[in-house]
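The file entry_11.cif contains mmCIF, C-alpha atoms:
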```cif
data_protein
#
loop_
_atom_site.label_atom_id
_atom_site.label_comp_id
_atom_site.auth_asym_id
_atom_site.auth_seq_id
_atom_site.Cartn_x
_atom_site.Cartn_y
_atom_site.Cartn_z
CA MET A 1 19.50 23.61 -17.73
CA ALA A 2 22.79 24.14 -16.05
CA GLU A 3 23.26 21.08 -13.94
CA GLU A 4 24.79 21.32 -10.57
CA ILE A 5 28.18 19.84 -10.03
CA LEU A 6 30.00 18.74 -6.92
CA GLU A 7 31.86 21.47 -5.16
CA GLY A 8 35.59 21.57 -4.66
CA VAL A 9 36.70 19.16 -7.38
CA ASN A 10 39.88 19.74 -9.28
CA PRO A 11 39.70 19.10 -12.99
CA THR A 12 42.42 16.47 -13.05
CA ARG A 13 42.61 13.04 -14.62
CA MET A 14 42.97 11.42 -11.23
CA GLU A 15 39.77 13.04 -10.01
CA LEU A 16 38.01 12.01 -13.20
CA LEU A 17 38.87 8.35 -12.65
CA LYS A 18 37.70 8.49 -9.06
CA LEU A 19 34.45 10.13 -10.06
CA LYS A 20 33.78 7.57 -12.73
CA ASP A 21 34.14 4.86 -10.10
CA ARG A 22 31.68 6.69 -7.92
CA VAL A 23 29.15 6.97 -10.71
CA ASN A 24 29.45 3.23 -11.29
CA LEU A 25 28.94 2.47 -7.62
CA ALA A 26 25.98 4.79 -7.35
CA THR A 27 24.31 3.28 -10.39
CA LYS A 28 24.81 -0.22 -9.06
CA GLY A 29 23.48 0.78 -5.65
CA HIS A 30 20.52 2.46 -7.26
CA LYS A 31 19.65 -0.68 -9.16
CA LEU A 32 19.91 -2.84 -6.05
CA LEU A 33 17.84 -0.49 -3.93
CA LYS A 34 15.19 -0.35 -6.60
CA GLU A 35 14.99 -4.11 -6.59
CA LYS A 36 14.78 -4.11 -2.81
CA ARG A 37 11.99 -1.57 -2.92
CA ASP A 38 10.00 -3.60 -5.43
CA ALA A 39 10.43 -6.79 -3.41
CA LEU A 40 9.34 -5.00 -0.24
CA ILE A 41 6.26 -3.63 -1.93
CA MET A 42 5.32 -7.08 -3.14
CA GLU A 43 5.71 -8.47 0.36
CA PHE A 44 3.73 -5.51 1.65
CA PHE A 45 0.79 -6.23 -0.60
CA SER A 46 0.68 -9.87 0.36
CA ILE A 47 0.61 -8.98 4.06
CA LEU A 48 -2.00 -6.33 3.34
CA ASP A 49 -4.31 -9.00 2.03
CA ARG A 50 -3.99 -10.74 5.37
CA ALA A 51 -4.43 -7.53 7.31
CA LYS A 52 -7.73 -6.77 5.64
CA GLY A 53 -10.55 -7.21 8.04
CA VAL A 54 -8.57 -8.54 10.99
CA ARG A 55 -9.17 -5.41 12.99
CA GLU A 56 -12.86 -5.46 12.21
CA LYS A 57 -13.02 -9.06 13.34
CA VAL A 58 -11.31 -8.21 16.62
CA GLU A 59 -13.65 -5.28 17.19
CA GLU A 60 -16.69 -7.39 16.53
CA LYS A 61 -15.55 -10.25 18.74
CA LEU A 62 -14.62 -7.91 21.57
CA GLY A 63 -17.94 -6.14 21.35
CA GLU A 64 -19.75 -9.44 21.73
CA SER A 65 -17.49 -10.52 24.57
CA PHE A 66 -17.95 -7.30 26.54
CA ASN A 67 -21.68 -7.66 26.13
CA ASP A 68 -21.48 -11.20 27.45
CA LEU A 69 -19.39 -9.97 30.34
CA LEU A 70 -21.99 -7.38 31.20
CA ILE A 71 -24.74 -9.99 31.20
CA THR A 72 -22.66 -12.37 33.28
CA GLU A 73 -21.98 -9.61 35.77
CA SER A 74 -25.66 -8.90 36.10
CA VAL A 75 -26.46 -12.59 36.50
CA MET A 76 -23.74 -13.52 38.96
CA GLY A 77 -22.81 -10.19 40.47
CA ASP A 78 -19.62 -8.18 39.93
CA PHE A 79 -17.84 -9.71 42.79
CA ALA A 80 -18.43 -13.33 41.81
CA VAL A 81 -17.24 -12.65 38.27
CA LYS A 82 -14.11 -10.99 39.62
CA LYS A 83 -13.50 -13.96 41.86
CA ALA A 84 -13.90 -16.37 38.98
CA ALA A 85 -11.62 -14.28 36.82
CA LEU A 86 -8.92 -14.28 39.44
CA SER A 87 -8.93 -18.03 39.65
CA VAL A 88 -8.55 -18.63 35.93
CA GLN A 89 -5.34 -20.49 35.26
CA GLU A 90 -2.90 -19.14 32.79
CA SER A 91 -2.07 -21.67 30.15
CA LEU A 92 -1.25 -19.41 27.26
CA ASP A 93 1.76 -20.55 25.42
CA ILE A 94 2.93 -17.73 23.24
CA ASP A 95 6.12 -17.64 21.32
CA VAL A 96 7.20 -14.50 19.57
CA ASP A 97 9.78 -15.16 16.95
CA THR A 98 11.12 -12.94 14.25
CA ARG A 99 11.34 -13.39 10.53
CA ASN A 100 13.55 -11.52 8.15
CA VAL A 101 11.95 -9.92 5.13
CA MET A 102 14.55 -8.18 2.94
CA GLY A 103 16.47 -7.00 5.99
CA VAL A 104 13.44 -6.04 8.03
CA THR A 105 12.79 -8.07 11.14
CA VAL A 106 9.11 -8.74 11.51
CA PRO A 107 7.45 -10.65 14.33
CA VAL A 108 5.91 -14.08 14.00
CA ILE A 109 3.62 -15.06 16.83
CA GLU A 110 2.92 -18.68 17.59
CA TYR A 111 0.47 -19.75 20.22
CA GLU A 112 -1.02 -22.81 21.78
CA ASN A 113 -3.64 -23.64 24.36
CA ILE A 114 -5.61 -20.47 24.18
CA LYS A 115 -8.95 -22.18 23.99
CA LYS A 116 -9.67 -24.30 27.03
CA ASN A 117 -12.51 -26.43 28.17
CA MET A 118 -14.54 -25.63 31.27
CA LEU A 119 -12.48 -27.71 33.66
CA GLN A 120 -9.18 -26.26 32.55
CA ARG A 121 -10.28 -22.73 33.28
CA GLY A 122 -9.95 -23.24 37.00
CA TYR A 123 -12.99 -21.55 38.53
CA GLY A 124 -15.61 -23.50 40.41
CA LEU A 125 -18.38 -24.89 38.27
CA VAL A 126 -20.89 -25.03 41.07
CA ASP A 127 -21.26 -21.35 41.75
CA SER A 128 -20.78 -20.05 38.23
CA SER A 129 -23.35 -19.51 35.54
CA ALA A 130 -23.16 -20.96 32.06
CA LYS A 131 -22.91 -17.43 30.74
CA LEU A 132 -19.53 -17.16 32.43
CA ASP A 133 -18.25 -20.05 30.34
CA GLU A 134 -19.49 -18.35 27.23
CA THR A 135 -17.82 -15.09 28.22
CA ALA A 136 -14.53 -16.80 28.92
CA LYS A 137 -14.72 -18.60 25.60
CA GLY A 138 -15.46 -15.32 23.87
CA PHE A 139 -12.40 -13.69 25.36
CA GLU A 140 -10.22 -16.66 24.53
CA GLU A 141 -11.27 -16.32 20.90
CA ALA A 142 -10.74 -12.57 21.08
CA ILE A 143 -7.19 -13.09 22.35
CA GLU A 144 -6.44 -15.39 19.46
CA LEU A 145 -7.63 -12.76 17.02
CA ILE A 146 -5.70 -10.05 18.82
CA LEU A 147 -2.49 -12.03 18.50
CA GLU A 148 -3.08 -12.30 14.78
CA LEU A 149 -3.77 -8.58 14.68
CA CYS A 150 -0.54 -7.88 16.56
CA GLU A 151 1.54 -9.78 14.09
CA VAL A 152 -0.09 -8.36 11.00
CA GLU A 153 -0.24 -4.74 12.09
CA MET A 154 3.31 -4.72 13.35
CA THR A 155 4.53 -6.27 10.11
CA VAL A 156 2.66 -3.72 8.03
CA LYS A 157 4.04 -0.92 10.15
CA LEU A 158 7.63 -2.09 9.92
CA LEU A 159 7.46 -2.81 6.22
CA ALA A 160 5.87 0.56 5.52
CA GLY A 161 8.67 2.31 7.38
CA GLU A 162 11.32 0.39 5.48
CA ILE A 163 9.63 1.00 2.13
CA GLU A 164 9.51 4.69 2.87
CA SER A 165 13.19 4.98 3.68
CA THR A 166 14.19 2.80 0.73
CA LYS A 167 12.09 4.92 -1.57
CA ARG A 168 13.71 8.04 -0.25
CA ARG A 169 17.15 6.63 -0.92
CA VAL A 170 16.24 5.47 -4.41
CA ASN A 171 14.86 8.90 -5.24
CA ALA A 172 17.85 10.71 -3.79
CA LEU A 173 20.20 8.61 -5.90
CA GLU A 174 18.10 8.88 -9.01
CA HIS A 175 17.28 12.56 -8.93
CA ASN A 176 20.12 14.10 -7.04
CA ILE A 177 23.32 12.17 -6.58
CA ILE A 178 23.70 10.39 -9.91
CA PRO A 179 22.90 13.46 -12.08
CA LYS A 180 25.28 15.53 -10.00
CA LEU A 181 28.08 13.02 -10.38
CA GLU A 182 27.51 12.71 -14.11
CA ALA A 183 27.48 16.47 -14.53
CA THR A 184 30.77 16.69 -12.67
CA VAL A 185 32.33 14.03 -14.86
CA LYS A 186 31.23 15.95 -17.93
CA TYR A 187 32.57 19.18 -16.48
CA ILE A 188 35.98 17.67 -15.83
CA GLU A 189 36.16 16.09 -19.26
CA MET A 190 35.34 19.37 -20.92
CA ARG A 191 37.78 21.21 -18.77
CA LEU A 192 40.58 18.78 -19.64
CA GLU A 193 39.85 19.09 -23.36
CA GLU A 194 39.85 22.83 -23.06
CA MET A 195 43.22 22.73 -21.35
CA GLU A 196 44.57 20.54 -24.12
CA ARG A 197 43.40 22.99 -26.74
CA GLU A 198 44.92 25.88 -24.83
CA ASN A 199 48.17 24.01 -24.69
CA PHE A 200 48.04 23.31 -28.39
CA VAL A 201 47.53 26.95 -29.21
CA ARG A 202 50.29 27.93 -26.83
CA LEU A 203 52.71 25.56 -28.58
CA LYS A 204 51.74 26.96 -31.97
CA ILE A 205 52.39 30.50 -30.82
CA ILE A 206 55.73 29.57 -29.31
CA LYS A 207 56.71 27.87 -32.55
CA GLN A 208 55.70 30.95 -34.54
CA THR A 209 57.70 33.34 -32.37
CA MET A 210 60.72 31.09 -32.53
CA GLU A 211 60.56 31.03 -36.36
CA GLU A 212 60.38 34.81 -36.67
CA MET B 1 19.12 -21.04 20.77
CA ASN B 2 18.39 -17.43 20.39
CA HIS B 3 20.81 -15.09 22.05
CA ASP B 4 18.75 -11.99 21.87
CA PRO B 5 17.72 -11.40 25.49
CA GLN B 6 14.60 -9.61 24.34
CA LEU B 7 13.24 -12.75 22.82
CA HIS B 8 13.75 -15.13 25.68
CA LYS B 9 10.68 -14.49 27.66
CA SER B 10 7.57 -14.52 25.58
CA SER B 11 4.53 -13.48 27.43
CA ILE B 12 1.56 -11.28 27.14
CA ALA B 13 0.30 -8.56 29.43
CA ILE B 14 -2.69 -6.33 29.53
CA VAL B 15 -3.00 -2.74 30.68
CA GLY B 16 -6.45 -1.27 30.86
CA ASP B 17 -9.54 -0.34 32.83
CA SER B 18 -11.06 -2.83 35.23
CA ASP B 19 -13.68 -4.26 32.84
CA THR B 20 -11.15 -4.93 30.13
CA VAL B 21 -8.86 -6.50 32.68
CA ILE B 22 -11.55 -8.83 34.06
CA GLY B 23 -12.52 -9.93 30.58
CA PHE B 24 -9.02 -10.82 29.55
CA ARG B 25 -8.37 -12.44 32.85
CA LEU B 26 -11.26 -14.76 32.09
CA GLY B 27 -9.65 -15.40 28.74
CA GLY B 28 -6.58 -16.64 30.53
CA ILE B 29 -4.08 -13.80 30.71
CA LYS B 30 -2.46 -13.70 34.12
CA GLU B 31 -0.45 -10.51 33.86
CA THR B 32 -3.18 -7.93 34.13
CA ASN B 33 -2.77 -4.34 35.23
CA THR B 34 -5.64 -2.10 36.07
CA VAL B 35 -4.76 1.53 35.52
CA LYS B 36 -6.75 4.63 36.26
CA ASP B 37 -5.13 7.24 34.07
CA SER B 38 -2.66 7.57 31.24
CA GLU B 39 0.23 8.54 33.51
CA GLU B 40 -0.10 5.31 35.38
CA ALA B 41 -0.46 3.40 32.13
CA LYS B 42 2.78 4.90 30.88
CA LYS B 43 4.59 3.77 34.00
CA VAL B 44 3.14 0.28 33.85
CA ILE B 45 3.93 -0.16 30.17
CA LYS B 46 7.49 0.95 30.77
CA ASP B 47 7.82 -1.56 33.60
CA LEU B 48 6.41 -4.35 31.49
CA THR B 49 8.77 -3.48 28.66
CA ASP B 50 11.72 -3.66 31.02
CA GLN B 51 10.55 -7.00 32.30
CA GLY B 52 10.64 -8.33 28.77
CA PHE B 53 6.99 -8.84 27.95
CA SER B 54 6.66 -9.29 24.25
CA ILE B 55 3.03 -8.39 23.72
CA ILE B 56 1.27 -5.65 25.61
CA ILE B 57 -2.43 -5.18 25.04
CA THR B 58 -3.92 -1.83 25.93
CA THR B 59 -7.10 0.02 25.14
CA GLU B 60 -7.51 2.52 22.33
CA LYS B 61 -8.40 5.24 24.79
CA ILE B 62 -5.17 4.85 26.70
CA GLY B 63 -3.29 4.45 23.46
CA ASP B 64 -4.55 7.78 22.14
CA GLU B 65 -3.52 9.58 25.29
CA ILE B 66 0.02 8.26 25.30
CA ARG B 67 0.56 8.06 21.55
CA ASP B 68 3.99 9.70 21.70
CA PHE B 69 5.21 7.36 24.36
CA ILE B 70 4.05 4.26 22.45
CA ASP B 71 5.61 5.45 19.22
CA LYS B 72 8.87 6.06 21.02
CA THR B 73 8.80 2.63 22.63
CA THR B 74 8.00 0.67 19.50
CA LYS B 75 9.78 2.67 16.86
CA THR B 76 13.22 1.21 17.14
CA ARG B 77 12.49 -2.41 17.97
CA THR B 78 10.17 -5.21 17.15
CA ILE B 79 9.56 -6.29 20.73
CA PRO B 80 7.41 -5.39 22.66
CA ILE B 81 4.45 -5.23 20.36
CA ILE B 82 1.92 -2.84 21.78
CA VAL B 83 -1.53 -3.47 20.41
CA GLU B 84 -4.53 -1.28 21.03
CA ILE B 85 -8.00 -2.74 21.22
CA PRO B 86 -11.37 -1.13 21.80
CA ASP B 87 -12.72 -1.20 25.35
CA LYS B 88 -16.27 -1.90 26.41
CA THR B 89 -17.59 1.27 24.82
CA GLY B 90 -16.64 0.03 21.38
CA PRO B 91 -14.07 1.18 18.83
CA ILE B 92 -13.22 4.85 18.55
CA GLU B 93 -14.37 6.38 15.29
CA ARG B 94 -11.39 7.73 13.43
CA VAL B 95 -11.27 10.20 10.61
CA THR B 96 -8.39 8.43 8.95
CA ASP B 97 -7.69 4.77 9.35
CA PRO B 98 -4.11 4.61 10.66
CA LEU B 99 -3.35 1.50 8.64
CA ARG B 100 -4.66 3.07 5.48
CA GLU B 101 -2.64 6.21 6.13
CA LEU B 102 0.46 4.04 6.47
CA VAL B 103 -0.26 2.35 3.15
CA ARG B 104 -0.78 5.67 1.46
CA ARG B 105 2.55 6.95 2.75
CA ALA B 106 4.43 3.82 1.79
CA ILE B 107 3.05 3.12 -1.64
CA GLY B 108 1.90 6.58 -2.56
CA ILE B 109 -1.52 5.49 -3.75
CA GLU B 110 -4.85 4.92 -2.08
CA THR B 111 -5.79 1.30 -1.90
CA VAL B 112 -9.42 0.38 -1.67
CA LYS B 113 -9.97 -1.64 1.43
#
```
Target format structure tokens, applied to this file:
Amino acid sequence: MAEEILEGVNPTRMELLKLKDRVNLATKGHKLLKEKRDALIMEFFSILDRAKGVREKVEEKLGESFNDLLITESVMGDFAVKKAALSVQESLDIDVDTRNVMGVTVPVIEYENIKKNMLQRGYGLVDSSAKLDETAKGFEEAIELILELCEVEMTVKLLAGEIESTKRRVNALEHNIIPKLEATVKYIEMRLEEMERENFVRLKIIKQTMEE
Amino acid sequence: MNHDPQLHKSSIAIVGDSDTVIGFRLGGIKETNTVKDSEEAKKVIKDLTDQGFSIIITTEKIGDEIRDFIDKTTKTRTIPIIVEIPDKTGPIERVTDPLRELVRRAIGIETVK
């Protein structure tokens, strides 16, 4: 197979040295990127273990909570539920930080005070049904799960993107750039040797003609 | 001290239909936005992003309608995180699990989940 070589290179010694440096650099880079890719994939699998089932849990919890909400609405009336909902105090304390995984920034969500007791919720206890408390509790738990889901899904998404681009670069180096560079080095070496032989022959002929 | 302005304010907002909004309001989220259609949702999400909300919860239905917009918003940065949850009608059945598709693209193999 005739391998492709870089275009526009002059077969000179100077060029040869430069190219050899480039091959070295590319090989080193290739090795590093491969290591990065492997580390990312390992991280990816560990987060995948966490991601398993989180979405299902959220879906299940939300389904239950919406059911509860429906029942509460039919017990207390739409309007009363809306009123209660509007008077719920916000006490969520959410902190979104970022963590660095092999150069990828992934979110880390910390939270406090999502679950509250009845008194902290802020609606009147006299005119509300017990089902309302259950509904609120259900949604508080759902929010907690959703935050977990946020973190995990976002991390998976970001890592997947990074793995993809790293893989592409590794493959480009491995299958395209490095072979091309090596082929060019070989071409220049052969060309230089050929020129040397030509020169040798030329000298011989000159010597012959001078002797005659 | 973090100097990234995006990370200063950490709060959570919800964009969805009125039932979803009431539910989450009961759960204790104050920043709730009831939207009627996807155009409005787009506008609200953009506003919330500009205000620096770090987590935006929306429903799967809205998410599907404005998929391009969400991808554009979340592609280049970590914050805001836009998460889609099922509404009161339950989760949308999907042919391919988006997470699984992502894994397949990244690793190149199917993982059994």
* Mind pulling up the distance from CA of Gln89 in chain A to CA of Ser129 in chain A? ->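 Between CA of Ser129 in chain A and CA of Gln89 in chain A the gap is 18.0 Å.
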* Determine the nearest neighbour of Thr74 in chain B from the options B:Ile92, B:Ile62, B:Leu102, B:Ile45, counting all atoms listed in the file. =>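 Smallest distance to Thr74 in chain B is found for B:Ile45.
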* **Proximal residues of chain A relative to chain B (only C-alpha atoms; 6 Å) as a ChimeraX atom specification** => /A:66,85,90,95,136,139-140,150,160,163-164
* To do: For the structure shown, which residues end up in the PyMOL selection byres ((chain A and resi 5) around 12)? Put them as a list in words, please?
  => Ala2, Glu3, Glu4, Leu6, Glu7, Gly8, Val9, Asn10, Pro11, Leu19, Asn176, Ile177, Ile178, Pro179, Lys180, Leu181, Glu182, Ala183, Thr184, Val185, Lys186, Tyr187 and Ile188 of chain A
* To do: Given the file shown, enumerate the residues that the PyMOL selection byres ((chain A and resi 152) around 9) captures and present them as a list of chain:residue names.
  =>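 When the PyMOL selection byres ((chain A and resi 152) around 9) is applied to the shown file, the picked residues are A:Ile47, A:Leu48, A:Arg50, A:Ala51, A:Val54, A:Pro107, A:Val108, A:Leu147, A:Glu148, A:Leu149, A:Cys150, A:Glu151, A:Glu153, A:Met154, A:Thr155, A:Val156, A:Lys157.
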* Have a look at CA of Asn171 in chain A and CA of Asp68 in chain B and let me know their distance in Å, one decimal. => 29.1 Å
* Enter the distance from CA of Leu32 in chain A to CA of Lys20 in chain A, in Å, rounded to one decimal. =>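 Pair CA of Leu32 in chain A / CA of Lys20 in chain A returns 18.6 Å.
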Contacts of Gly103 in chain A at 12 Å or less, counting only C-alpha atoms, minus same-chain residues fewer than 5 places along, as a tab-separated table (two decimals) with C-alpha atoms, in the coordinates of the input?
```tsv
chain	number	residue	atom	x	y	z
A	33	LEU	CA	17.84	-0.49	-3.93
A	36	LYS	CA	14.78	-4.11	-2.81
A	37	ARG	CA	11.99	-1.57	-2.92
A	39	ALA	CA	10.43	-6.79	-3.41
A	40	LEU	CA	9.34	-5.00	-0.24
A	98	THR	CA	11.12	-12.94	14.25
A	158	LEU	CA	7.63	-2.09	9.92
A	159	LEU	CA	7.46	-2.81	6.22
A	162	GLU	CA	11.32	0.39	5.48
A	163	ILE	CA	9.63	1.00	2.13
A	166	THR	CA	14.19	2.80	0.73
```
* Apply the PyMOL selection byres ((chain B and resi 33-43) around 8) to the structure shown and report the selected residues as a ChimeraX atom specification. => /B:13-18,21,31-32,44-47,62,65-66,69
Keeping only C-alpha atoms, write those residues as a tab-separated table (two decimals), keeping the file's coordinate frame.
```tsv
chain	number	residue	atom	x	y	z
B	13	ALA	CA	0.30	-8.56	29.43
B	14	ILE	CA	-2.69	-6.33	29.53
B	15	VAL	CA	-3.00	-2.74	30.68
B	16	GLY	CA	-6.45	-1.27	30.86
B	17	ASP	CA	-9.54	-0.34	32.83
B	18	SER	CA	-11.06	-2.83	35.23
B	21	VAL	CA	-8.86	-6.50	32.68
B	31	GLU	CA	-0.45	-10.51	33.86
B	32	THR	CA	-3.18	-7.93	34.13
B	44	VAL	CA	3.14	0.28	33.85
B	45	ILE	CA	3.93	-0.16	30.17
B	46	LYS	CA	7.49	0.95	30.77
B	47	ASP	CA	7.82	-1.56	33.60
B	62	ILE	CA	-5.17	4.85	26.70
B	65	GLU	CA	-3.52	9.58	25.29
B	66	ILE	CA	0.02	8.26	25.30
B	69	PHE	CA	5.21	7.36	24.36
```
Can I get a file of range 161-184 of chain A from the given structure, C-alpha atoms kept, as a compact mmCIF listing (two decimals), in the first residue's frame?
```
# COMPACT_ATOMS: atom_id res chain seq x y z
CA GLY A 161 -19.07 14.31 25.17
CA GLU A 162 -15.48 14.52 26.35
CA ILE A 163 -14.87 10.81 25.79
CA GLU A 164 -16.18 11.13 22.28
CA SER A 165 -13.92 14.01 21.35
CA THR A 166 -10.90 12.41 23.01
CA LYS A 167 -11.57 9.19 21.15
CA ARG A 168 -11.78 11.07 17.90
CA ARG A 169 -8.44 12.71 18.54
CA VAL A 170 -6.77 9.46 19.54
CA ASN A 171 -8.05 7.78 16.40
CA ALA A 172 -7.01 10.66 14.17
CA LEU A 173 -3.49 10.54 15.56
CA GLU A 174 -3.27 6.78 15.43
CA HIS A 175 -4.72 6.16 12.02
CA ASN A 176 -4.01 9.31 10.12
CA ILE A 177 -1.44 11.73 11.41
CA ILE A 178 1.25 9.42 12.78
CA PRO A 179 1.31 7.06 9.75
CA LYS A 180 1.44 10.05 7.45
CA LEU A 181 4.34 11.60 9.31
CA GLU A 182 6.23 8.31 9.39
CA ALA A 183 5.67 7.77 5.69
CA THR A 184 7.02 11.24 5.00
```
